[in-house]
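S.K.: Here it is: the structure, laid out below.
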Protein chains: 2
Amino acid sequence: MKKFKIISKDKDTQARCGILTTVHGEIQTPCFMPVGTQGTVKAISPKELEDCGAQIILSNTYHLLLRPGIEVIKKAGGLHSFISWQRPLLTDSGGYQIFSLALLRKVNDEGVEFQSHIDGSKHFLTPEEVIKIQNTFGSDIMMPLDECVHYPCSKDYAEVAMKRTLNWARRSKTAYRKNLATNHQLIFGIVQGSTYKDLRKECAKEIVDLDFDGYAIGGVSVGEPKELRYDITYLVAQNLPEDKPRYLMGVGLPQDLILAVEAGIDMFDCVVPTRYGRNGTAFTREGKLVVRNSPFINDFSSLDPDCNCYTCKNFTRAYLRHLFNSEEILGLRLVSLHNVYFFLELMCKIRKAISENRFLQLKREFLRCA
Amino acid sequence: MKKFKIISKDKDTQARCGILTTVHGEIQTPCFMPVGTQGTVKAISPKELEDCGAQIILSNTYHLLLRPGIEVIKKAGGLHSFISWQRPLLTDSGGYQIFSLALLRKVNDEGVEFQSHIDGSKHFLTPEEVIKIQNTFGSDIMMPLDECVHYPCSKDYAEVAMKRTLNWARRSKTAYRKNLATNHQLIFGIVQGSTYKDLRKECAKEIVDLDFDGYAIGGVSVGEPKELRYDITYLVAQNLPEDKPRYLMGVGLPQDLILAVEAGIDMFDCVVPTRYGRNGTAFTREGKLVVRNSPFINDFSSLDPDCNCYTCKNFTRAYLRHLFNSEEILGLRLVSLHNVYFFLELMCKIRKAISENRFLQLKREFLRCA
């Protein structure tokens, strides 16, 4: 059975709408995945995520491995059951976190050794182990262990890391195939190669030859200039097969999402809506709004008059400002919720615009405001 | 029209069920009021409070006066509108907070001068001003300014404070009557007198003569021994009229509520459910449970198997423990929510037991477990 079906394509751009099928349900793409790093999308309940229309969320293997540990999640009957989330779930491989958060990393072709950023405990992970962990989680979409380099990175090292990522992808696929119980889980390949176009092309070609259920672009949004990021995204997307979902990891702001959809990207994840929400910055149709700012003391309008989220339907800027000034948890809850809703609603609008062949019009309107 | 109607009385005790009518709806008593100090019940949304069955919440005049200030709430169209709460609302007078939180207090018969605990700003409040503020709030139930003494307190000073409280109650009632626009708001009198029975009796008699819509017992739970608190509660309740609601301010733990209902108390407020919730302590039928404790690492049962709250219907102790260990906001949200539900559900059970003439049976069962 085909797991990904394209249902419409924009006439002017690479943007497309699709449906990705997992055992926990269908996902309409392009989609945004709220991030539940430690098994919870920060400050938001599963019920609220459902009410916001979240189709799928992402959780971080690295964090869950350290806390609460694999055994707890295994005994709970998997990650869906542990965190009480019944819709699709993507888990990353931990690669990005190991190479950005963990301490004292030693990487070799076999795998990677690192120390926990929480308690300094030592861990050694191989690609096979990472697949096994995600089997235990029961994630709908698994990611293979990769080596993610930061920007800038020498071409020599970028190539070493890219080749290792390819080698690990091969071993991940083999480990995945061996375990028949995981057949209901999808597995995506990750394209690395830093900002070097030839490395990216080579990696894309080799990864596609391994035949994954979808393809992710890793190592973007790691400090490189925006223009370079767009270039790389376009280039890699063009070198991925039309009939598989494309996932741009860790991106981004609303305008980033629109530009990437234009390049043919289908899936996104980012901590931006919840991180900004906790800091009291709301995304609106008219741009970002810092609720603590003094002009809002007596502003009894909602964050975004066009928004239908719980926050905008019930609370004013003046009240949200008061909550943030008084350090009340409800404040960051409500702004986080609004932001997640805003991102998910934006993806709805993008899908609608693509299906009605007016994606460029939406892009123009949106970028004018943002 | 009678604002309070007793609908059943327990055959063995002073416990009774009633209905208190306000413009924002009826309140079934005995009732518990979750506390929204700064215009929000900490970490819980108004929607969740409604879903938990909260009939009325309490908010603190002192805190709202300092932040966001009266003008903002006035411009918002009142406190209900500002905080988006459509059910009944009781505001206290600020007396308790001025005498426990504020800095550099100077009290005289005219009123009380104090400095904000937030920014040191100076304020002077009179009984008339406090009524005016609560008129602006549009609270369903207002409280007059009182002087609350702590324990221990000399009899001489307790008498001074009690007499001042009486004098202020008289002025409050006069100010209340002058403003025809406030006729839809109820006003309660407060009985003070520390732990001195003769002062309490005298205060109760005088306050009742002023004819308020209900009567509160203030100055309890201020450090005195539990036995003394029960004695005072019983004594004052017996000296209050049968046909008016009785409100025990700032109390308490589940067992305190049961003992006070037995003494004929109808209304309670306390920060206990939310404060304990934020610290990861859950109230259950079997007693308190500290979710962070290690035995819960692999405990996949709910906090309280008999509970129907969102937390217990969806999440395990193991997951809640993980959330607290990982310092995730969802953890304190879910335990606060459970605790508020637990308190409100306890009041439901109390009302049912009274109406079925088996209050003492409920008391025995509950105190055995607690």
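Letters for chains follow the order of the structure tokens (A, B, ...), residue numbers begin at 1 for each chain, and ligand numbers begin at 1 in the order shown.
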Can you pull out the residues contacting Arg321 (chain B)? Cut-off 10 Å, using only C-alpha atoms, and skip same-chain residues under 2 positions away; I want them as a PyMOL selection string.
M.R.: (chain A and resi 68) or (chain B and resi 280+290-299+316-319+323-327+331)
S.K.: Apply DSSP to the structure's backbone, then extract all residues of region 69-135 of chain B labelled alpha helix (DSSP H) and return them as a short mmCIF file (atom, residue, chain, number, x, y, z; two decimals) with N, CA and C atoms, in the first residue's frame.
M.R.:
```cif
data_model
loop_
_atom_site.label_atom_id
_atom_site.label_comp_id
_atom_site.auth_asym_id
_atom_site.auth_seq_id
_atom_site.Cartn_x
_atom_site.Cartn_y
_atom_site.Cartn_z
N ILE B 70 -6.97 49.21 39.55
CA ILE B 70 -8.42 49.31 39.41
C ILE B 70 -8.84 49.85 38.04
N GLU B 71 -8.07 50.80 37.52
CA GLU B 71 -8.47 51.45 36.27
C GLU B 71 -8.58 50.46 35.12
N VAL B 72 -7.63 49.53 35.05
CA VAL B 72 -7.65 48.52 33.98
C VAL B 72 -8.90 47.66 34.08
N ILE B 73 -9.21 47.24 35.30
CA ILE B 73 -10.38 46.37 35.49
C ILE B 73 -11.67 47.13 35.21
N LYS B 74 -11.67 48.40 35.56
CA LYS B 74 -12.83 49.25 35.26
C LYS B 74 -13.03 49.35 33.74
N LYS B 75 -11.93 49.64 33.05
CA LYS B 75 -12.02 49.78 31.59
C LYS B 75 -12.40 48.46 30.92
N LEU B 79 -14.43 42.71 36.71
CA LEU B 79 -13.50 41.60 36.89
C LEU B 79 -13.92 40.35 36.11
N HIS B 80 -15.21 40.05 36.07
CA HIS B 80 -15.67 38.89 35.29
C HIS B 80 -15.16 38.99 33.86
N SER B 81 -15.37 40.14 33.29
CA SER B 81 -14.99 40.35 31.90
C SER B 81 -13.46 40.31 31.74
N PHE B 82 -12.75 40.95 32.67
CA PHE B 82 -11.28 41.01 32.57
C PHE B 82 -10.66 39.62 32.59
N ILE B 83 -11.17 38.75 33.49
CA ILE B 83 -10.54 37.43 33.62
C ILE B 83 -11.30 36.35 32.85
N GLY B 95 -8.02 42.94 53.48
CA GLY B 95 -7.60 43.06 54.88
C GLY B 95 -6.53 42.04 55.25
N TYR B 96 -6.84 40.79 54.99
CA TYR B 96 -5.90 39.73 55.36
C TYR B 96 -4.53 39.93 54.73
N GLN B 97 -4.50 40.28 53.44
CA GLN B 97 -3.23 40.45 52.73
C GLN B 97 -2.47 41.68 53.23
N ILE B 98 -3.22 42.76 53.50
CA ILE B 98 -2.55 43.96 54.01
C ILE B 98 -1.84 43.64 55.32
N PRO B 127 -12.54 51.71 54.59
CA PRO B 127 -13.64 50.76 54.33
C PRO B 127 -14.48 51.21 53.13
N GLU B 128 -14.70 52.52 53.01
CA GLU B 128 -15.53 53.03 51.90
C GLU B 128 -14.84 52.78 50.57
N GLU B 129 -13.52 53.02 50.55
CA GLU B 129 -12.75 52.82 49.33
C GLU B 129 -12.79 51.34 48.89
N VAL B 130 -12.70 50.45 49.86
CA VAL B 130 -12.71 49.01 49.57
C VAL B 130 -14.05 48.58 48.95
N ILE B 131 -15.14 49.16 49.43
CA ILE B 131 -16.45 48.86 48.84
C ILE B 131 -16.49 49.39 47.40
N LYS B 132 -15.96 50.60 47.23
CA LYS B 132 -15.97 51.22 45.90
C LYS B 132 -15.17 50.36 44.91
N ILE B 133 -14.03 49.88 45.36
CA ILE B 133 -13.21 49.03 44.50
C ILE B 133 -13.99 47.78 44.07
N GLN B 134 -14.66 47.17 45.04
CA GLN B 134 -15.40 45.95 44.73
C GLN B 134 -16.65 46.24 43.90
N ASN B 135 -17.18 47.46 44.01
CA ASN B 135 -18.24 47.88 43.08
C ASN B 135 -17.69 47.88 41.66
#
```
S.K.: Please produce, as JSON lines, a per-residue contact table for region 235-293 of chain A versus region 217-230 of chain A (criterion: any atom at most 8 Å away, only C-alpha atoms considered), showing the nearest atom pair and its distance in Å to one decimal, sorted by chain then residue number.
M.R.:
```
{"residue": "A:Val236", "atom": "CA", "partner": "A:Ile217", "partner_atom": "CA", "distance": 7.3}
{"residue": "A:Arg246", "atom": "CA", "partner": "A:Ile217", "partner_atom": "CA", "distance": 7.6}
{"residue": "A:Tyr247", "atom": "CA", "partner": "A:Ile217", "partner_atom": "CA", "distance": 6.2}
{"residue": "A:Leu248", "atom": "CA", "partner": "A:Ile217", "partner_atom": "CA", "distance": 5.0}
{"residue": "A:Met249", "atom": "CA", "partner": "A:Gly218", "partner_atom": "CA", "distance": 5.6}
{"residue": "A:Gly250", "atom": "CA", "partner": "A:Ser221", "partner_atom": "CA", "distance": 6.8}
{"residue": "A:Val251", "atom": "CA", "partner": "A:Ser221", "partner_atom": "CA", "distance": 6.7}
{"residue": "A:Leu259", "atom": "CA", "partner": "A:Tyr230", "partner_atom": "CA", "distance": 7.7}
{"residue": "A:Ala260", "atom": "CA", "partner": "A:Tyr230", "partner_atom": "CA", "distance": 7.3}
```
S.K.: Counting only C-alpha atoms, which residues from chain A have an atom at most 6 Å from any atom of chain B, and could you show them as an MDAnalysis selection string?
M.R.: chainID A and resid 43 68 322 329:330
S.K.: Quick one: pull the distance between CA of Glu206 (chain B) and CA of Asp231 (chain B), Å, one decimal.
M.R.: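 Distance reported for this atom pair: 20.0 Å.
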S.K.: Between CA of Glu113 (chain B) and CA of Ile187 (chain B), what distance in Å does the model show, to one decimal?
M.R.: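 So the two atoms, CA of Glu113 (chain B) and CA of Ile187 (chain B), lie 23.4 Å apart.
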